[in-house]
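**Student:** You'll find protein.cif just under this line, and it carries mmCIF, C-alpha atoms.
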data_work
loop_
_atom_site.label_atom_id
_atom_site.label_comp_id
_atom_site.auth_asym_id
_atom_site.auth_seq_id
_atom_site.Cartn_x
_atom_site.Cartn_y
_atom_site.Cartn_z
CA MET P 22 41.24 51.37 -58.52
CA THR P 23 39.72 51.35 -55.03
CA ASP P 24 38.64 54.98 -55.34
CA THR P 25 37.02 54.21 -58.67
CA ILE P 26 35.13 51.29 -57.15
CA GLU P 27 33.88 53.42 -54.28
CA GLY P 28 32.71 55.96 -56.85
CA ALA P 29 30.92 53.25 -58.80
CA LEU P 30 29.20 52.03 -55.63
CA ALA P 31 27.95 55.53 -54.86
CA GLN P 32 25.89 55.55 -58.05
CA ILE P 33 24.18 52.23 -57.37
CA LYS P 34 20.87 52.53 -55.55
CA PHE P 35 20.84 49.67 -53.10
CA GLY P 36 17.36 48.85 -51.76
CA PRO P 37 16.15 49.10 -48.17
CA ASP P 38 17.62 45.62 -47.64
CA GLY P 39 21.00 46.83 -48.92
CA LEU P 40 20.74 44.77 -52.09
CA VAL P 41 20.66 45.38 -55.81
CA ALA P 42 19.35 42.93 -58.41
CA ALA P 43 21.96 41.47 -60.75
CA VAL P 44 21.31 39.83 -64.10
CA ALA P 45 24.08 37.55 -65.36
CA GLN P 46 24.34 37.20 -69.12
CA GLN P 47 26.87 35.14 -71.06
CA PHE P 48 28.93 37.84 -72.78
CA ASP P 49 29.19 36.26 -76.21
CA SER P 50 26.05 34.17 -76.71
CA GLY P 51 23.73 36.65 -74.99
CA GLU P 52 22.09 33.89 -72.95
CA VAL P 53 20.54 35.12 -69.71
CA LEU P 54 21.97 32.72 -67.13
CA MET P 55 20.49 33.79 -63.79
CA VAL P 56 19.29 36.63 -61.62
CA ALA P 57 20.65 37.05 -58.10
CA TRP P 58 21.40 39.79 -55.59
CA MET P 59 24.46 41.78 -54.58
CA ASP P 60 25.23 43.92 -51.57
CA ARG P 61 27.93 46.62 -51.57
CA GLU P 62 30.66 44.20 -50.63
CA ALA P 63 29.64 41.76 -53.37
CA VAL P 64 29.86 44.52 -55.98
CA ARG P 65 33.18 45.66 -54.53
CA LEU P 66 34.66 42.15 -54.63
CA THR P 67 33.31 41.45 -58.10
CA LEU P 68 34.90 44.59 -59.53
CA ALA P 69 38.16 44.13 -57.63
CA GLU P 70 38.61 40.42 -58.39
CA GLY P 71 36.96 40.18 -61.80
CA ARG P 72 35.05 37.17 -60.54
CA VAL P 73 31.37 37.39 -59.71
CA CYS P 74 30.34 37.40 -56.06
CA TYR P 75 26.69 37.63 -54.98
CA TRP P 76 24.85 37.93 -51.70
CA SER P 77 22.91 34.81 -50.84
CA ARG P 78 19.60 35.87 -49.31
CA SER P 79 18.88 32.34 -48.08
CA ARG P 80 22.24 31.88 -46.40
CA ARG P 81 22.72 35.55 -45.52
CA ALA P 82 26.32 35.44 -46.64
CA LEU P 83 28.59 36.49 -49.47
CA TRP P 84 28.49 33.91 -52.21
CA ARG P 85 31.42 33.64 -54.57
CA LYS P 86 29.65 31.96 -57.43
CA GLY P 87 31.18 28.55 -58.02
CA GLU P 88 33.11 28.36 -54.75
CA ILE P 89 31.91 24.81 -54.23
CA SER P 90 30.80 23.70 -57.67
CA GLY P 91 33.70 25.24 -59.59
CA GLN P 92 31.16 26.80 -61.98
CA ILE P 93 32.56 30.31 -61.66
CA GLN P 94 31.67 33.48 -63.54
CA ARG P 95 34.44 35.73 -64.82
CA LEU P 96 33.29 39.31 -65.18
CA ARG P 97 33.70 40.80 -68.63
CA GLU P 98 31.70 43.97 -68.06
CA MET P 99 29.33 45.47 -65.53
CA ARG P 100 26.49 47.73 -66.62
CA LEU P 101 24.07 49.87 -64.63
CA ASP P 102 20.52 50.72 -65.60
CA CYS P 103 18.86 54.13 -65.83
CA ASP P 104 17.39 53.92 -62.33
CA GLY P 105 20.65 52.66 -60.86
CA ASP P 106 18.86 49.82 -59.10
CA THR P 107 19.82 46.87 -61.32
CA VAL P 108 23.18 45.74 -62.64
CA LEU P 109 23.82 43.65 -65.71
CA LEU P 110 26.84 41.37 -65.48
CA LEU P 111 28.34 40.27 -68.77
CA VAL P 112 30.17 37.14 -67.73
CA ASP P 113 32.06 34.17 -69.02
CA GLN P 114 30.35 31.25 -67.31
CA THR P 115 32.42 28.16 -66.62
CA GLY P 116 30.18 25.14 -67.14
CA VAL P 117 26.66 25.68 -65.91
CA ALA P 118 25.03 28.52 -63.98
CA CYS P 119 22.10 26.64 -62.45
CA HIS P 120 22.33 24.47 -59.34
CA THR P 121 20.20 21.91 -61.20
CA GLY P 122 23.10 21.37 -63.59
CA ARG P 123 21.51 23.34 -66.40
CA ARG P 124 23.31 26.05 -68.28
CA SER P 125 20.66 28.67 -67.40
CA CYS P 126 18.29 28.95 -64.45
CA PHE P 127 15.51 29.90 -66.90
CA PHE P 128 14.79 26.38 -68.07
CA ARG P 129 11.00 26.51 -67.84
CA GLY P 130 9.03 28.03 -70.69
CA TRP P 131 5.36 28.87 -70.70
CA ASP P 132 3.42 26.93 -73.30
CA SER P 133 0.51 29.02 -74.53
CA GLU P 134 -1.08 25.93 -76.09
CA GLY P 135 -2.16 24.73 -72.69
CA ALA P 136 0.68 22.71 -71.23
CA GLY P 137 1.69 25.46 -68.80
CA TRP P 138 5.33 25.59 -67.69
CA THR P 139 7.37 23.06 -69.61
CA THR P 140 11.01 22.10 -69.20
CA ILE P 141 12.96 23.40 -72.17
CA ALA P 142 16.50 22.42 -71.13
CA GLU P 143 17.99 19.36 -69.49
CA PRO P 144 20.88 19.20 -67.02
CA GLU P 145 24.31 19.14 -68.62
CA VAL P 146 25.96 18.04 -65.38
CA PRO P 147 24.40 15.86 -62.66
CA PRO P 148 23.73 18.13 -59.64
CA GLU P 149 25.27 15.55 -57.30
CA GLN P 150 28.49 15.92 -59.23
CA LEU P 151 28.43 19.68 -58.67
CA TYR P 152 27.72 19.43 -54.94
CA PRO P 153 28.91 16.09 -53.59
CA SER P 154 28.27 16.85 -49.93
CA GLU P 155 26.41 20.13 -49.82
CA LYS P 156 22.94 21.08 -48.80
CA ASN P 157 23.20 24.62 -50.07
CA PRO P 158 24.37 24.46 -53.64
CA ASN P 159 25.82 27.35 -55.56
CA MET O 6 -6.48 29.42 -71.56
CA THR O 7 -7.55 31.08 -68.30
CA ASP O 8 -7.09 27.84 -66.37
CA THR O 9 -3.63 27.46 -67.83
CA ILE O 10 -2.71 30.99 -66.82
CA GLU O 11 -3.93 30.42 -63.28
CA GLY O 12 -1.82 27.28 -63.19
CA ALA O 13 1.20 29.22 -64.41
CA LEU O 14 0.66 31.86 -61.73
CA ALA O 15 0.57 29.21 -59.02
CA GLN O 16 4.16 28.24 -59.78
CA ILE O 17 5.53 31.77 -59.58
CA LYS O 18 6.82 32.75 -56.15
CA PHE O 19 5.72 36.32 -55.68
CA GLY O 20 7.62 38.14 -52.92
CA PRO O 21 6.17 39.56 -49.68
CA ASP O 22 5.28 42.68 -51.68
CA GLY O 23 3.38 40.55 -54.19
CA LEU O 24 5.92 41.18 -56.93
CA VAL O 25 8.26 39.12 -59.07
CA ALA O 26 11.29 40.48 -60.92
CA ALA O 27 11.04 40.44 -64.71
CA VAL O 28 13.94 40.67 -67.15
CA ALA O 29 13.01 41.78 -70.67
CA GLN O 30 15.27 40.53 -73.44
CA GLN O 31 14.93 41.21 -77.16
CA PHE O 32 14.05 37.76 -78.50
CA ASP O 33 16.30 37.76 -81.57
CA SER O 34 19.30 39.93 -80.72
CA GLY O 35 19.57 38.76 -77.10
CA GLU O 36 19.94 42.32 -75.84
CA VAL O 37 18.84 42.76 -72.23
CA LEU O 38 16.48 45.73 -72.43
CA MET O 39 15.30 46.36 -68.88
CA VAL O 40 14.36 44.87 -65.53
CA ALA O 41 11.03 45.70 -63.93
CA TRP O 42 8.42 44.13 -61.66
CA MET O 43 5.17 42.27 -62.16
CA ASP O 44 2.33 41.44 -59.81
CA ARG O 45 -0.12 38.60 -60.43
CA GLU O 46 -2.39 40.71 -62.55
CA ALA O 47 0.50 41.98 -64.67
CA VAL O 48 1.58 38.39 -65.41
CA ARG O 49 -2.02 37.42 -66.13
CA LEU O 50 -2.54 40.32 -68.55
CA THR O 51 0.81 39.75 -70.23
CA LEU O 52 0.04 36.10 -70.92
CA ALA O 53 -3.56 36.78 -71.95
CA GLU O 54 -2.84 39.74 -74.23
CA GLY O 55 0.62 38.83 -75.51
CA ARG O 56 1.71 42.35 -74.67
CA VAL O 57 3.93 43.07 -71.69
CA CYS O 58 2.39 44.70 -68.65
CA TYR O 59 4.41 45.50 -65.51
CA TRP O 60 3.63 46.85 -62.07
CA SER O 61 5.03 50.31 -61.52
CA ARG O 62 6.37 50.50 -57.99
CA SER O 63 6.68 54.28 -58.14
CA ARG O 64 3.14 54.86 -59.37
CA ARG O 65 1.67 51.83 -57.62
CA ALA O 66 -0.32 50.89 -60.71
CA LEU O 67 -0.38 48.46 -63.59
CA TRP O 68 1.86 49.71 -66.37
CA ARG O 69 1.19 48.52 -69.88
CA LYS O 70 4.63 49.15 -71.30
CA GLY O 71 4.37 51.77 -74.04
CA GLU O 72 0.87 52.94 -73.21
CA ILE O 73 1.99 56.55 -73.55
CA SER O 74 5.19 56.32 -75.55
CA GLY O 75 4.00 53.70 -78.02
CA GLN O 76 7.20 51.73 -77.32
CA ILE O 77 5.40 48.48 -76.60
CA GLN O 78 6.77 45.00 -75.97
CA ARG O 79 5.15 42.03 -77.67
CA LEU O 80 5.67 38.83 -75.73
CA ARG O 81 7.35 36.02 -77.64
CA GLU O 82 7.99 33.72 -74.71
CA MET O 83 7.93 33.75 -70.93
CA ARG O 84 10.42 31.72 -68.92
CA LEU O 85 10.62 30.98 -65.21
CA ASP O 86 13.80 30.37 -63.22
CA CYS O 87 14.65 27.47 -60.94
CA ASP O 88 13.55 29.30 -57.80
CA GLY O 89 10.35 30.50 -59.43
CA ASP O 90 11.03 34.06 -58.29
CA THR O 91 12.17 35.67 -61.54
CA VAL O 92 10.67 35.63 -65.01
CA LEU O 93 12.47 36.17 -68.27
CA LEU O 94 10.40 37.85 -70.97
CA LEU O 95 11.55 37.28 -74.52
CA VAL O 96 10.00 40.24 -76.27
CA ASP O 97 9.87 42.10 -79.53
CA GLN O 98 10.51 45.68 -78.50
CA THR O 99 9.00 48.43 -80.61
CA GLY O 100 11.51 51.28 -80.76
CA VAL O 101 13.28 51.86 -77.47
CA ALA O 102 12.83 50.32 -74.03
CA CYS O 103 14.34 53.10 -71.91
CA HIS O 104 12.54 56.29 -70.91
CA THR O 105 15.72 58.17 -71.81
CA GLY O 106 15.15 57.22 -75.44
CA ARG O 107 17.83 54.57 -75.47
CA ARG O 108 17.25 51.08 -76.73
CA SER O 109 18.28 49.48 -73.40
CA CYS O 110 18.13 50.81 -69.86
CA PHE O 111 21.64 49.39 -69.29
CA PHE O 112 23.47 52.22 -71.03
CA ARG O 113 26.16 52.76 -68.40
CA GLY O 114 29.22 50.56 -68.39
CA TRP O 115 31.88 50.37 -65.72
CA ASP O 116 35.31 51.37 -66.97
CA SER O 117 37.95 49.44 -65.08
CA GLU O 118 40.63 51.84 -66.34
CA GLY O 119 39.48 54.48 -63.90
CA ALA O 120 36.71 56.44 -65.59
CA GLY O 121 33.96 54.78 -63.51
CA TRP O 122 30.49 54.54 -65.06
CA THR O 123 30.57 55.74 -68.63
CA THR O 124 27.72 56.19 -71.07
CA ILE O 125 27.95 53.51 -73.74
CA ALA O 126 24.77 54.25 -75.72
CA GLU O 127 23.09 57.45 -76.83
CA PRO O 128 19.34 58.14 -77.13
CA GLU O 129 17.81 57.01 -80.40
CA VAL O 130 14.66 59.05 -79.80
CA PRO O 131 14.44 62.36 -77.89
CA PRO O 132 12.65 61.64 -74.58
CA GLU O 133 10.40 64.68 -75.07
CA GLN O 134 9.14 63.07 -78.25
CA LEU O 135 8.26 59.91 -76.32
CA TYR O 136 6.45 61.75 -73.52
CA PRO O 137 5.21 65.12 -74.76
CA SER O 138 3.25 66.00 -71.63
CA GLU O 139 4.09 63.37 -69.05
CA LYS O 140 5.92 63.49 -65.79
CA ASN O 141 5.96 59.73 -65.31
CA PRO O 142 7.35 58.24 -68.49
CA ASN O 143 7.01 54.65 -69.47
#
Mind turning the file's structure into structure tokens?

**Tutor:**
Amino acid sequence: MTDTIEGALAQIKFGPDGLVAAVAQQFDSGEVLMVAWMDREAVRLTLAEGRVCYWSRSRRALWRKGEISGQIQRLREMRLDCDGDTVLLLVDQTGVACHTGRRSCFFRGWDSEGAGWTTIAEPEVPPEQLYPSEKNPN
Amino acid sequence: MTDTIEGALAQIKFGPDGLVAAVAQQFDSGEVLMVAWMDREAVRLTLAEGRVCYWSRSRRALWRKGEISGQIQRLREMRLDCDGDTVLLLVDQTGVACHTGRRSCFFRGWDSEGAGWTTIAEPEVPPEQLYPSEKNPN
């Protein structure tokens, strides 16, 4: 298993900052939940544990999605694109993916009729319930 | 319309390189087709024309998806994430999104049983048919 993971890592083209973009998609509904970043260790942990771990650029630390909020992502499948510089994570999202309490981080839609960005989804969980005492939600 | 687009642009957080990540998803099937990059002008043109335009990092030029191959993407909806640093493009993809002739660029799946990255989709169109005389496909 470990050898296989090291082999998988070798085919991912991490950027100059050591990161690769990761798109998380709910495996059954097809909903795009969020886009975040992974370093080598995050990919390694995600494949080994079957639970999604990212690299938080703001906190400069590994970020096991849901470690505080409980809104974890179980990995169903990992895919790699033709350039090898983006991964697609098919996940089973517990609860909500967005720190605002919304299911998806993409909750603003552009209204071509003139209203600009409009909110197209409301929070399903109050953010303060997800992060009772945290300044850096995840 | 132009004022609205300028307003939309103001809420997108372009990175230090002037780019924002863009995920293209087929609007009806939910298939994630590709991830690429957009600069301000690419977003502006995409919203104004209703046809997706990216910024090619390798060619350092605007890249109207399908300009050579004919495999264009019509924009159905643009969404913005909570951080404002990634856009989700709901598109209607003509033909195939990937320069390899496959529908999606994410045609490699990780096999946890030990086979590593395995090809999970075959080309639907021969690449040489998409780009008869090009070195830089799109």

**Student:** What is the CA of Asp8 (chain O)-CA of Ala53 (chain O) distance in Å, reported with one decimal?

**Tutor:**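 Value for the CA of Asp8 (chain O)-CA of Ala53 (chain O) distance: 11.1 Å.
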
**Student:** So what does the PyMOL selection byres ((chain O) within 8 of (chain P)) actually pick up in this one, as a short mmCIF file (atom, residue, chain, number, x, y, z; two decimals) with C-alpha atoms, keeping the file's coordinate frame?

**Tutor:**
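To be explicit, this is the file written out as out.cif:
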data_model
loop_
_atom_site.label_atom_id
_atom_site.label_comp_id
_atom_site.auth_asym_id
_atom_site.auth_seq_id
_atom_site.Cartn_x
_atom_site.Cartn_y
_atom_site.Cartn_z
CA MET O 6 -6.48 29.42 -71.56
CA THR O 9 -3.63 27.46 -67.83
CA ILE O 10 -2.71 30.99 -66.82
CA GLY O 12 -1.82 27.28 -63.19
CA ALA O 13 1.20 29.22 -64.41
CA SER O 34 19.30 39.93 -80.72
CA GLY O 35 19.57 38.76 -77.10
CA GLU O 36 19.94 42.32 -75.84
CA MET O 39 15.30 46.36 -68.88
CA VAL O 40 14.36 44.87 -65.53
CA LEU O 52 0.04 36.10 -70.92
CA GLU O 82 7.99 33.72 -74.71
CA MET O 83 7.93 33.75 -70.93
CA ARG O 84 10.42 31.72 -68.92
CA LEU O 85 10.62 30.98 -65.21
CA ASP O 86 13.80 30.37 -63.22
CA CYS O 87 14.65 27.47 -60.94
CA THR O 91 12.17 35.67 -61.54
CA VAL O 92 10.67 35.63 -65.01
CA LEU O 93 12.47 36.17 -68.27
CA CYS O 103 14.34 53.10 -71.91
CA THR O 105 15.72 58.17 -71.81
CA CYS O 110 18.13 50.81 -69.86
CA PHE O 111 21.64 49.39 -69.29
CA PHE O 112 23.47 52.22 -71.03
CA ARG O 113 26.16 52.76 -68.40
CA GLY O 114 29.22 50.56 -68.39
CA TRP O 115 31.88 50.37 -65.72
CA SER O 117 37.95 49.44 -65.08
CA GLU O 118 40.63 51.84 -66.34
CA GLY O 119 39.48 54.48 -63.90
CA ALA O 120 36.71 56.44 -65.59
CA GLY O 121 33.96 54.78 -63.51
CA TRP O 122 30.49 54.54 -65.06
#

**Student:** Suppose you want the space between CA of Gln92 (chain P) and CA of Thr115 (chain P); what is it in Å?

**Tutor:**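 Computed distance, CA of Gln92 (chain P) to CA of Thr115 (chain P), equals 5.0 Å.
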
**Student:** Provide the CA of Ser63 (chain O) to CA of Arg78 (chain P) distance in Å, to one decimal place.

**Tutor:** 24.2 Å

**Student:** Please write the residues picked by the PyMOL selection byres ((chain P and resi 144) around 9) on this file as a PDB file with C-alpha atoms, in the coordinates of the input.

**Tutor:**
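To be explicit, this is the file written out as out_39.pdb:
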ATOM      1  CA  VAL P 117      26.660  25.680 -65.910  1.00  0.00           C
ATOM      2  CA  CYS P 119      22.100  26.640 -62.450  1.00  0.00           C
ATOM      3  CA  THR P 121      20.200  21.910 -61.200  1.00  0.00           C
ATOM      4  CA  GLY P 122      23.100  21.370 -63.590  1.00  0.00           C
ATOM      5  CA  ARG P 123      21.510  23.340 -66.400  1.00  0.00           C
ATOM      6  CA  ARG P 124      23.310  26.050 -68.280  1.00  0.00           C
ATOM      7  CA  ALA P 142      16.500  22.420 -71.130  1.00  0.00           C
ATOM      8  CA  GLU P 143      17.990  19.360 -69.490  1.00  0.00           C
ATOM      9  CA  GLU P 145      24.310  19.140 -68.620  1.00  0.00           C
ATOM     10  CA  VAL P 146      25.960  18.040 -65.380  1.00  0.00           C
ATOM     11  CA  PRO P 147      24.400  15.860 -62.660  1.00  0.00           C
ATOM     12  CA  PRO P 148      23.730  18.130 -59.640  1.00  0.00           C
TER      13      PRO P 148
END

**Student:** Identify, on the basis of only C-alpha atoms, every residue whose closest approach to Tyr59 (chain O) does not exceed 12 Å; exclude the query and any residue fewer than 6 positions from it along the same chain; express the result as a ChimeraX atom specification.

**Tutor:** /O:24-29,39-52,65-72,77-78,92,94,143
